[in-house]
Each structure stands twice: as C-alpha cells, then as structure tokens.
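Source file: structure_11.txt (compact mmCIF, C-alpha atoms)
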# COMPACT_ATOMS: atom_id res chain seq x y z
CA MET A 24 -28.81 -15.74 31.64
CA VAL A 25 -27.38 -14.85 28.19
CA SER A 26 -30.10 -13.69 25.80
CA LEU A 27 -30.29 -13.44 22.02
CA LYS A 28 -30.30 -9.65 22.38
CA GLN A 29 -26.98 -9.76 24.24
CA LEU A 30 -25.36 -11.93 21.57
CA THR A 31 -26.77 -9.67 18.84
CA GLN A 32 -25.19 -6.69 20.59
CA LEU A 33 -21.88 -8.57 20.69
CA ALA A 34 -22.20 -9.26 16.96
CA ALA A 35 -22.72 -5.52 16.37
CA SER A 36 -19.75 -4.45 18.49
CA SER A 37 -16.67 -5.89 16.86
CA THR A 38 -13.40 -4.87 18.48
CA GLY A 39 -11.83 -1.60 17.41
CA VAL A 40 -8.58 -3.23 16.32
CA TRP A 41 -10.54 -5.46 13.93
CA GLN A 42 -11.97 -2.34 12.29
CA VAL A 43 -8.44 -0.95 11.88
CA LEU A 44 -6.96 -4.10 10.34
CA GLN A 45 -9.91 -5.56 8.43
CA ALA A 46 -10.16 -5.44 4.64
CA ASP A 47 -12.43 -2.62 3.48
CA ALA A 48 -13.94 -4.44 0.51
CA SER A 49 -17.47 -4.74 1.89
CA LYS A 50 -17.78 -0.96 2.33
CA GLY A 51 -17.19 -0.30 -1.36
CA ALA A 52 -20.14 -2.44 -2.42
CA GLY A 53 -22.40 -0.72 0.10
CA THR A 54 -21.32 2.70 -1.17
CA ASP A 55 -22.05 1.74 -4.77
CA ALA A 56 -25.52 0.50 -3.79
CA ALA A 57 -26.22 3.69 -1.83
CA GLU A 58 -25.16 5.81 -4.81
CA ALA A 59 -27.48 3.82 -7.10
CA ILE A 60 -30.42 4.45 -4.76
CA GLU A 61 -29.52 8.13 -4.44
CA ALA A 62 -29.49 8.53 -8.22
CA ALA A 63 -33.02 7.14 -8.61
CA ASP A 64 -36.19 9.19 -8.17
CA ALA A 65 -38.37 8.89 -5.06
CA LYS A 66 -40.70 6.21 -6.44
CA GLU A 67 -37.86 4.13 -7.83
CA ARG A 68 -35.92 4.45 -4.55
CA ALA A 69 -38.91 3.13 -2.61
CA GLU A 70 -39.24 0.17 -5.00
CA ILE A 71 -35.52 -0.64 -4.75
CA GLN A 72 -35.60 -0.50 -0.94
CA LEU A 73 -38.74 -2.67 -0.81
CA ARG A 74 -37.22 -5.23 -3.16
CA ARG A 75 -34.03 -5.30 -1.10
CA ALA A 76 -35.94 -5.70 2.18
CA ARG A 77 -37.96 -8.60 0.73
CA ASN A 78 -34.85 -10.28 -0.61
CA GLN A 79 -33.12 -9.92 2.75
CA LEU A 80 -36.18 -11.25 4.54
CA GLY A 81 -36.19 -14.32 2.28
CA GLU A 82 -32.44 -14.83 2.76
CA LEU A 83 -32.69 -14.62 6.56
CA SER A 84 -35.61 -17.06 6.53
CA SER A 85 -33.58 -19.47 4.41
CA ARG A 86 -30.57 -19.18 6.72
CA LEU A 87 -32.71 -19.88 9.77
CA LYS A 88 -34.12 -23.00 8.12
CA SER A 89 -30.61 -24.24 7.25
CA LEU A 90 -29.52 -23.68 10.86
CA ALA A 91 -32.52 -25.60 12.15
CA ASP A 92 -31.91 -28.46 9.69
CA GLU A 93 -28.16 -28.65 10.44
CA ALA A 94 -28.51 -31.15 13.24
CA SER A 95 -24.89 -32.31 12.90
CA ALA A 96 -23.49 -28.84 13.72
CA SER A 97 -22.78 -28.09 17.37
CA PRO A 98 -25.39 -25.96 19.21
CA ALA A 99 -22.64 -23.39 19.97
CA ILE A 100 -21.77 -22.77 16.32
CA ARG A 101 -25.44 -22.58 15.43
CA ALA A 102 -26.06 -20.07 18.24
CA ARG A 103 -23.04 -18.04 17.07
CA MET A 104 -24.29 -17.92 13.48
CA LEU A 105 -27.85 -17.30 14.66
CA ALA A 106 -26.71 -14.16 16.48
CA ASP A 107 -24.90 -12.89 13.36
CA ASN A 108 -28.04 -13.36 11.28
CA ALA A 109 -30.28 -11.92 14.02
CA LEU A 110 -28.20 -8.74 13.76
CA LYS A 111 -29.11 -8.49 10.09
CA LEU A 112 -32.76 -9.10 10.91
CA GLU A 113 -32.61 -6.36 13.53
CA GLY A 114 -31.07 -3.98 11.01
CA LEU A 115 -33.76 -4.61 8.42
CA ASP A 116 -36.01 -1.55 7.95
CA ALA A 117 -39.50 -2.97 8.58
CA ARG A 118 -41.10 0.32 7.41
CA MET A 119 -40.29 -0.74 3.85
CA LEU A 120 -42.57 -3.76 4.25
CA ALA A 121 -45.90 -2.11 3.45
CA ALA A 122 -47.83 -5.27 2.52
CA ARG A 123 -49.57 -7.17 5.33
CA ASP A 124 -48.05 -10.48 4.22
CA ASP A 125 -44.54 -9.00 4.41
CA LYS A 126 -45.18 -7.57 7.89
CA ASN A 127 -46.59 -10.87 9.12
CA ARG A 128 -43.63 -12.71 7.63
CA TYR A 129 -41.21 -10.34 9.38
CA ALA A 130 -42.93 -10.69 12.76
CA GLN A 131 -43.07 -14.46 12.37
CA LEU A 132 -39.37 -14.60 11.52
CA ILE A 133 -38.48 -12.65 14.67
CA ARG A 134 -40.45 -15.17 16.75
CA GLU A 135 -38.79 -18.10 14.96
CA TYR A 136 -35.32 -16.69 15.60
CA GLN A 137 -36.14 -16.31 19.28
CA SER A 138 -37.65 -19.78 19.61
CA THR A 139 -34.69 -21.35 17.77
CA PHE A 140 -32.30 -19.56 20.08
CA ASP A 141 -34.25 -20.66 23.18
CA SER A 142 -34.01 -24.26 22.01
CA LEU A 143 -30.25 -23.93 21.43
CA ARG A 144 -29.81 -22.29 24.84
CA LEU A 145 -31.45 -25.28 26.52
CA ASN A 146 -29.11 -27.65 24.66
CA LEU A 147 -26.03 -25.62 25.54
CA GLY A 148 -26.70 -24.80 29.15
CA GLU A 149 -25.86 -21.58 30.99
CA ASP A 150 -22.13 -22.26 31.36
CA SER A 151 -21.66 -22.84 27.62
CA MET A 152 -23.73 -19.75 26.83
CA ARG A 153 -21.45 -17.64 29.02
CA THR A 154 -18.41 -19.19 27.33
CA LEU A 155 -19.95 -18.36 23.97
CA ALA A 156 -20.37 -14.73 25.03
CA ASP A 157 -16.81 -14.60 26.39
CA THR A 158 -15.29 -16.06 23.21
CA PHE A 159 -17.69 -14.38 20.75
CA HIS A 160 -15.00 -12.04 19.35
CA TYR A 161 -12.18 -14.58 19.43
CA PRO A 162 -12.30 -15.32 15.66
CA GLU A 163 -11.86 -11.67 14.70
CA ARG A 164 -9.25 -11.14 17.44
CA ILE A 165 -7.31 -14.16 16.17
CA TYR A 166 -7.45 -12.77 12.64
CA SER A 167 -6.51 -9.26 13.82
CA LEU A 168 -3.55 -10.48 15.85
CA GLY A 169 -2.33 -12.55 12.91
CA GLU A 170 -2.73 -9.55 10.61
CA PHE A 171 -0.89 -7.36 13.12
CA VAL A 172 2.06 -9.76 13.30
CA LYS A 173 2.12 -10.02 9.49
CA LEU A 174 2.12 -6.22 9.08
CA ARG A 175 4.84 -5.89 11.70
CA ARG A 176 6.99 -8.34 9.71
CA GLU A 177 6.24 -6.41 6.54
CA LYS A 178 7.35 -3.24 8.33
CA ALA A 179 10.66 -4.87 9.23
CA GLY A 180 11.02 -6.01 5.62
CA LEU A 181 10.28 -2.51 4.29
CA GLU A 182 12.77 -0.97 6.73
CA SER A 183 15.42 -3.46 5.60
CA ARG A 184 14.57 -2.75 1.97
CA ALA A 185 14.77 1.00 2.63
CA MET A 186 18.28 0.57 4.05
CA GLY A 187 19.29 -1.44 0.98
CA ILE A 188 17.82 1.10 -1.43
CA GLU A 189 19.38 3.97 0.52
CA LYS A 190 22.78 2.29 0.21
CA LYS A 191 22.26 1.83 -3.52
CA VAL A 192 21.15 5.47 -3.83
CA GLU A 193 24.36 6.57 -2.09
CA GLU A 194 26.42 4.39 -4.43
CA ALA A 195 24.49 5.76 -7.42
CA ARG A 196 25.13 9.31 -6.21
CA GLU A 197 28.85 8.61 -6.02
CA GLU A 198 28.75 7.04 -9.47
CA SER A 199 26.77 9.97 -10.85
CA ALA A 200 29.16 12.49 -9.24
CA GLN A 201 32.16 10.65 -10.71
CA ALA A 202 30.48 10.48 -14.12
CA GLU A 203 29.63 14.20 -13.96
CA LYS A 204 33.23 15.00 -12.99
CA GLU A 205 34.57 12.92 -15.87
CA SER A 206 32.06 14.48 -18.26
CA ALA A 207 33.03 18.00 -17.11
CA CYS A 208 36.70 17.14 -17.61
CA VAL A 209 35.95 15.88 -21.10
CA GLU A 210 34.04 19.07 -21.91
CA ALA A 211 36.93 21.23 -20.63
CA PHE A 212 39.41 19.17 -22.66
CA LEU A 213 37.29 19.42 -25.82
CA ARG A 214 36.85 23.18 -25.32
CA THR A 215 40.62 23.52 -24.91
CA ARG A 216 41.23 21.56 -28.08
CA LYS A 217 38.60 23.57 -29.92
CA ALA A 218 40.18 26.82 -28.66
CA GLN A 219 43.59 25.61 -29.87
CA LYS A 220 42.17 25.00 -33.32
CA GLY A 221 40.44 28.39 -33.26
CA SER A 222 43.70 30.11 -32.29
CA ALA A 223 45.57 28.28 -35.05
CA ILE A 224 42.93 29.36 -37.58
CA GLY A 225 43.12 32.96 -36.34
CA LEU A 226 46.92 32.93 -36.61
CA GLY A 227 46.69 31.49 -40.11
CA VAL A 228 44.22 34.16 -41.22
CA ALA A 229 46.45 36.91 -39.72
CA LEU A 230 49.48 35.55 -41.60
CA LEU A 231 47.40 35.40 -44.75
CA GLY A 232 46.64 39.09 -44.31
CA MET A 233 50.38 39.81 -44.21
CA PHE A 234 50.93 37.96 -47.51
CA LEU A 235 48.11 39.93 -49.10
CA LEU A 236 49.88 43.27 -48.50
CA ASN A 237 51.46 42.95 -51.94
CA VAL A 238 48.06 42.42 -53.52
CA SER A 239 45.81 44.98 -51.84
CA LEU A 240 46.33 47.03 -48.73
CA ILE A 241 42.59 47.17 -47.97
CA ILE A 242 42.05 43.40 -48.36
CA ALA A 243 45.18 42.67 -46.35
CA ALA A 244 44.02 44.95 -43.53
CA ALA A 245 40.53 43.38 -43.45
CA VAL A 246 41.87 39.81 -43.44
CA GLY A 247 44.53 40.70 -40.87
CA VAL A 248 42.00 42.32 -38.51
CA LEU A 249 39.68 39.31 -38.86
CA GLY A 250 42.59 36.96 -38.16
CA LEU A 251 43.61 38.92 -35.08
CA VAL A 252 40.02 38.82 -33.76
CA PHE A 253 39.93 35.03 -34.23
CA LEU A 254 43.35 34.73 -32.65
CA ILE A 255 42.47 36.84 -29.57
CA VAL A 256 39.11 35.08 -29.05
CA GLY A 257 40.80 31.70 -29.47
CA LEU A 258 43.60 32.55 -27.04
CA LEU A 259 41.14 33.83 -24.42
CA SER A 260 39.00 30.70 -24.81
CA TRP A 261 42.11 28.55 -24.66
CA LEU A 262 43.18 30.27 -21.47
CA ALA A 263 39.74 29.89 -19.82
CA SER A 264 39.27 26.24 -20.82
CA GLY A 265 42.90 25.51 -19.93
CA VAL A 266 42.37 26.86 -16.43
CA ALA A 267 39.19 24.75 -16.09
CA PHE A 268 40.96 21.65 -17.40
CA ALA A 269 43.94 22.21 -15.10
CA ALA A 270 41.63 22.09 -12.06
CA PHE A 271 41.08 18.34 -12.50
CA ASP A 272 43.47 15.79 -11.01
CA GLU A 273 46.38 14.55 -13.10
CA GLU A 274 45.15 10.97 -13.41
CA LEU A 275 41.79 12.06 -14.83
CA LYS A 276 43.48 14.55 -17.21
CA ARG A 277 45.80 11.83 -18.52
CA LYS A 278 42.86 9.46 -18.94
CA VAL A 279 40.76 12.02 -20.82
CA SER A 280 43.67 13.25 -22.94
CA GLY A 281 44.12 9.72 -24.30
CA PHE A 282 40.48 9.34 -25.36
CA LYS A 283 39.44 8.90 -28.94
CA GLU A 284 35.92 9.58 -30.21
CA GLU A 285 34.58 6.31 -28.77
CA GLY A 286 35.89 7.27 -25.35
CA PHE A 287 34.09 10.61 -25.40
CA LEU A 288 30.82 8.90 -26.38
CA ALA A 289 31.29 6.33 -23.60
CA VAL A 290 31.65 9.13 -21.02
CA ASN A 291 28.34 10.68 -22.11
CA GLN A 292 26.64 7.30 -22.08
CA ARG A 293 27.96 6.56 -18.57
CA LEU A 294 26.63 9.89 -17.31
CA ARG A 295 23.16 9.29 -18.80
CA LYS A 296 23.04 5.80 -17.33
CA ALA A 297 24.12 7.04 -13.87
CA GLN A 298 21.48 9.78 -13.90
CA GLU A 299 18.75 7.35 -14.99
CA THR A 300 19.79 4.89 -12.26
CA MET A 301 19.58 7.71 -9.72
CA ARG A 302 16.03 8.63 -10.84
CA VAL A 303 14.85 5.01 -10.67
CA LEU A 304 16.34 4.42 -7.22
CA GLU A 305 14.96 7.67 -5.82
CA THR A 306 11.50 6.75 -7.11
CA ARG A 307 11.73 3.29 -5.52
CA PHE A 308 12.92 4.83 -2.26
CA GLU A 309 10.00 7.28 -2.19
CA GLU A 310 7.46 4.53 -2.96
CA ASN A 311 8.94 2.35 -0.21
CA ARG A 312 8.81 5.28 2.23
CA LYS A 313 5.12 5.98 1.45
CA GLU A 314 4.23 2.30 1.91
CA LEU A 315 6.17 2.18 5.16
CA ARG A 316 4.52 5.36 6.43
CA THR A 317 1.03 3.95 5.73
CA LEU A 318 1.87 0.65 7.38
CA VAL A 319 3.36 2.34 10.47
CA ALA A 320 0.20 4.47 10.82
CA THR A 321 -1.96 1.31 10.75
CA LEU A 322 0.22 -0.42 13.33
CA ASP A 323 0.18 2.67 15.56
CA LYS A 324 -3.65 2.74 15.49
CA ALA A 325 -3.75 -0.97 16.35
CA THR A 326 -1.38 -0.60 19.31
CA GLU A 327 -3.35 2.38 20.63
CA LEU A 328 -6.35 0.04 20.94
CA GLU A 329 -4.37 -3.04 22.00
CA ARG A 330 -1.47 -1.68 24.04
CA SER A 331 -0.39 -5.16 25.16
CA TRP A 332 0.41 -6.05 21.53
CA LYS A 333 3.22 -3.52 21.08
CA PRO A 334 5.81 -5.22 23.36
CA MET A 335 4.55 -8.69 22.41
CA THR A 336 7.03 -10.91 20.58
CA ASP A 337 5.99 -13.08 17.65
CA SER A 338 6.28 -16.14 19.88
CA GLU A 339 3.99 -14.61 22.50
CA ALA A 340 1.50 -13.62 19.80
CA ASP A 341 1.52 -17.21 18.48
CA ASN A 342 0.90 -18.56 21.99
CA LEU A 343 -2.01 -16.17 22.57
CA THR A 344 -3.49 -17.05 19.19
CA GLN A 345 -3.19 -20.76 19.94
CA LYS A 346 -4.99 -20.30 23.28
CA MET A 347 -7.90 -18.54 21.58
CA ILE A 348 -8.05 -21.21 18.86
CA GLU A 349 -8.13 -23.98 21.48
CA SER A 350 -10.96 -22.18 23.30
CA CYS A 351 -12.93 -21.96 20.05
CA LYS A 352 -12.31 -25.64 19.31
CA GLN A 353 -13.51 -26.66 22.76
CA LEU A 354 -16.71 -24.65 22.37
CA PHE A 355 -17.49 -25.07 18.67
CA GLY A 356 -15.68 -28.30 17.91
CA GLU A 357 -13.15 -28.72 15.09
CA PRO A 358 -15.67 -28.37 12.22
CA GLY A 359 -17.35 -25.36 13.84
CA ALA A 360 -14.06 -23.55 14.46
CA ARG A 361 -13.00 -24.17 10.85
CA LEU A 362 -16.33 -22.80 9.61
CA ILE A 363 -15.92 -19.58 11.60
CA PHE A 364 -12.32 -19.05 10.51
CA GLN A 365 -13.11 -19.82 6.87
CA ASN A 366 -15.77 -17.09 6.97
CA LYS A 367 -13.74 -14.58 9.00
CA LYS A 368 -13.94 -12.02 6.17
CA GLU A 369 -17.72 -11.96 6.57
CA LEU A 370 -17.24 -10.61 10.08
CA ALA A 371 -16.26 -7.25 8.50
CA GLN A 372 -19.93 -6.39 7.96
CA PHE A 373 -20.56 -6.47 11.71
Could you show the structure in this file as structure tokens?
Amino acid sequence: MVSLKQLTQLAASSTGVWQVLQADASKGAGTDAAEAIEAADAKERAEIQLRRARNQLGELSSRLKSLADEASASPAIRARMLADNALKLEGLDARMLAARDDKNRYAQLIREYQSTFDSLRLNLGEDSMRTLADTFHYPERIYSLGEFVKLRREKAGLESRAMGIEKKVEEAREESAQAEKESACVEAFLRTRKAQKGSAIGLGVALLGMFLLNVSLIIAAAVGVLGLVFLIVGLLSWLASGVAFAAFDEELKRKVSGFKEEGFLAVNQRLRKAQETMRVLETRFEENRKELRTLVATLDKATELERSWKPMTDSEADNLTQKMIESCKQLFGEPGARLIFQNKKELAQF
C-alpha cells in the first residue's frame, strides 16, 4: 500500500536530469535569505527563523484547507499536491516553534495531512495510488525532455551559425589581407615619390652650391656638401622604396600609380573598415563558441543520466512525451494535468 511517506520521498527525489536542465532561479532567492540571516546577530537570527517557521506553518495549513475544500479537483491531483506540501511540512524545523500553541498547531497539522491523505487514498483505490507513484515524476520528465530537445535544436542552430560566422571571418581575413597589401603598396609608392622629390631637392641644392663658387668658396662648399647628402639619402631611399614597390604585381602598381589624394584616403579607409570587421566577427565567433561549449556541457550531463535520450530523434522524443502526457491526463484528468504543467517551475524546489 502506497503511503504518504512514500509519496513525500518521491517529491524529495526529483530526477537527476531535471536538476541539470531546470532553471536555477529558486536557488538565488534562498541564498539571499540565508545571507540575510547570517548577517544578523544570534537573537535576531532566532526571531527571523521563528517568524519564517510560523509563516510557513500558516501557509501549509491554508494549502491543506484549500485542498480539502477543492471538491471538484480529482483525488489524484489533490494527493499529488498534498505530497508536495507534506514535503515542505517535513522540512520545517519544529525546534524553532518554542511556544506551546505553535507546537500543538504543528502536531495537529501533521495529523490533518495524514488524515486527508488517508481519505484520498480510499477514494483513489490501491491501483490508482500505484499509478500515481509510477507517474509522480512524469511532469518534470516531460519538461526535461522538452528542454533537452529545445537545447539540442539550439546546439544545431549555434553550430550552423558558427559555420556562417567562420565563413565570414575567412572572407574578412581575405579582405583585410587584400586591403593591407594595397595599403603597403600605396605606402611604398608614396615613399618612392617622396624619395624622388628628396633626390631632386638634393640635386638642386648641389647645383646651387656650384653656382655659388663665384660668390664664396666656403658657402659654395657648405651648400654643395649639404646638397650631396640630400641627394645620396634621397637616392638610397628611392632605391629601397623602389625595390619594395617593384615587389607588387603589375596590376596593383598600375592601379596605385593612377591614384589621386582621394584614392590614397580610400585605401586607408578600406583597411580600417576591414580590420574593424575582423574584430567584430572574431568577437561574435568567440561568444558563439562559449555559448555552444556551455550548451554542449549541459547536454552531455543530461545524456549521462538519460542515455536513451542521446540517440533519440525529435519524433521519438515527441512520442514519448505524448505518452507521458496521456498517462497524466488519465490519472489527473485534463484540468489536473494542466495545473501540474502550469506549475512545473515550482517543482524546482523539490
């Protein structure tokens, strides 16, 4: 015969895969409350815990009354919800209830939960009680399987997105490499032109020194030496930049040689844009990879616990889900099944 204790134990032992896939929102609130209690002094902590125990006792009493008054609900759904609330009652720290009235109220509530369950068990019969125990974790398993299939589809989407981003990154790399090559060619061309001008200036200064021989030998020598220095430096720079410029292909050299000022500015702008595009795409690729890695880790944990899910197709998962839903409908009825599934997030606290 299925007892209230057995159903309470089922309520406390949710499946491992549910714990992997469930939302973790309820844990945050509990942590905040624990930190608030920890921060208080001993007397204040005791008062907070007592107040919380009394509030929980009142809430569980109110829930029991609503279950008893809900005559239209099926006995199975009431027994299911009774077990969930009995788990909370079992987890209540009775040591916090120092007052006699509180202790009596707690003991009375335990008896009322048991008597209510006994009444529901008589209405359900032994076969239905066994079915209830067998299907107790169906709601969370249905939710977990649905979440698993959804995450698996998200994984496929992220993998597809990663391939698309990777292709764009490759295209951006090619564009950036081409822009860098064009920019380097422009720089070599401009250095060559600058060296030509420097050589021409040096030659002009050297010739000026020759004309100044009739004026002053010292001034002519100084200007001539300075001109020769400019000329030699310019020729060497011209040679070096010319060699660098000659290394580029003929088509690119012809293209660059025909540029005016606007063309040189456009090359720089293209290079900056290509480099910025590369940075953006690499960031997106890294973010996508992190998200995919986290999702894969979650799916791997789920399939370690539910090995039959890994080879399961989406169609097979839908069929299994539908079978569990039909079992819940047969036991709880349509309204009862809807109530459980609407409150599936509340199962996280068990």
So that I can see what lies close to A:Gly169, please list as a PyMOL selection string the residues with an atom at most 10 Å from it, counting only C-alpha atoms and leaving out residues fewer than 6 positions away in the same chain. chain A and resi 44+163+175+337+340-341+344
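The coordinates place atom CA of A:Ile165 at 25.8 Å from atom CA of A:Glu182.
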Atomic distance atom CA of A:Leu110 - atom CA of A:Pro358, expressed in Å with one decimal: 23.3 Å
Pick out the residues sitting within 8 Å of stretch 188-190 of chain A, and hand them over as a PyMOL selection string; count all atoms listed in the file, and ignore anything fewer than 4 positions along from it in its own chain. chain A and resi 184+194+304+307-308
Interatomic distance, atom CA of A:Glu149 to atom CA of A:Leu83 (Å, one decimal): 26.3 Å
Close residues, A:Asp157 itself excluded, 12 Å, only C-alpha atoms, min 4 positions apart in chain, as a ChimeraX atom specification: /A:25,29-30,33,103,150-153,161-162,347,350-351,354
Mind checking which residues fall within 12 Å of A:Ala35, counting all atoms listed in the file, ignoring those fewer than 4 positions away in the same chain, and posting them as a compact mmCIF listing (two decimals) with C-alpha atoms, in the coordinates of the input?
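To be explicit, this is the file written out as selection.txt:
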# COMPACT_ATOMS: atom_id res chain seq x y z
CA LYS A 28 -30.30 -9.65 22.38
CA GLN A 29 -26.98 -9.76 24.24
CA LEU A 30 -25.36 -11.93 21.57
CA THR A 31 -26.77 -9.67 18.84
CA GLY A 39 -11.83 -1.60 17.41
CA GLN A 42 -11.97 -2.34 12.29
CA ALA A 106 -26.71 -14.16 16.48
CA ASP A 107 -24.90 -12.89 13.36
CA ASN A 108 -28.04 -13.36 11.28
CA ALA A 109 -30.28 -11.92 14.02
CA LEU A 110 -28.20 -8.74 13.76
CA LYS A 111 -29.11 -8.49 10.09
CA LEU A 112 -32.76 -9.10 10.91
CA GLU A 113 -32.61 -6.36 13.53
CA GLY A 114 -31.07 -3.98 11.01
CA PHE A 159 -17.69 -14.38 20.75
CA HIS A 160 -15.00 -12.04 19.35
CA LEU A 370 -17.24 -10.61 10.08
CA ALA A 371 -16.26 -7.25 8.50
CA GLN A 372 -19.93 -6.39 7.96
CA PHE A 373 -20.56 -6.47 11.71
What residues have an atom no more than 10 Å from (-42.1, -8.2, 0.9) in the file's own frame, counting only C-alpha atoms, and can you write them as JSON, numbers by chain? {"A": [73, 74, 75, 76, 77, 78, 79, 80, 81, 117, 119, 120, 121, 122, 123, 124, 125, 126, 127, 128, 129]}
Taking into account only C-alpha atoms, which residue in the set A:Val209, A:Ala91, A:Ala320, A:Ala156 is nearest to A:Tyr136?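 Of the candidates, the smallest distance to A:Tyr136 is held by A:Ala91.
Minimum atom-to-atom distances from A:Thr38, A:Asn311, A:Gln32, A:Gln353 to A:Ser167 were compared using all atoms listed in the file, and the lowest value belongs to A:Thr38.
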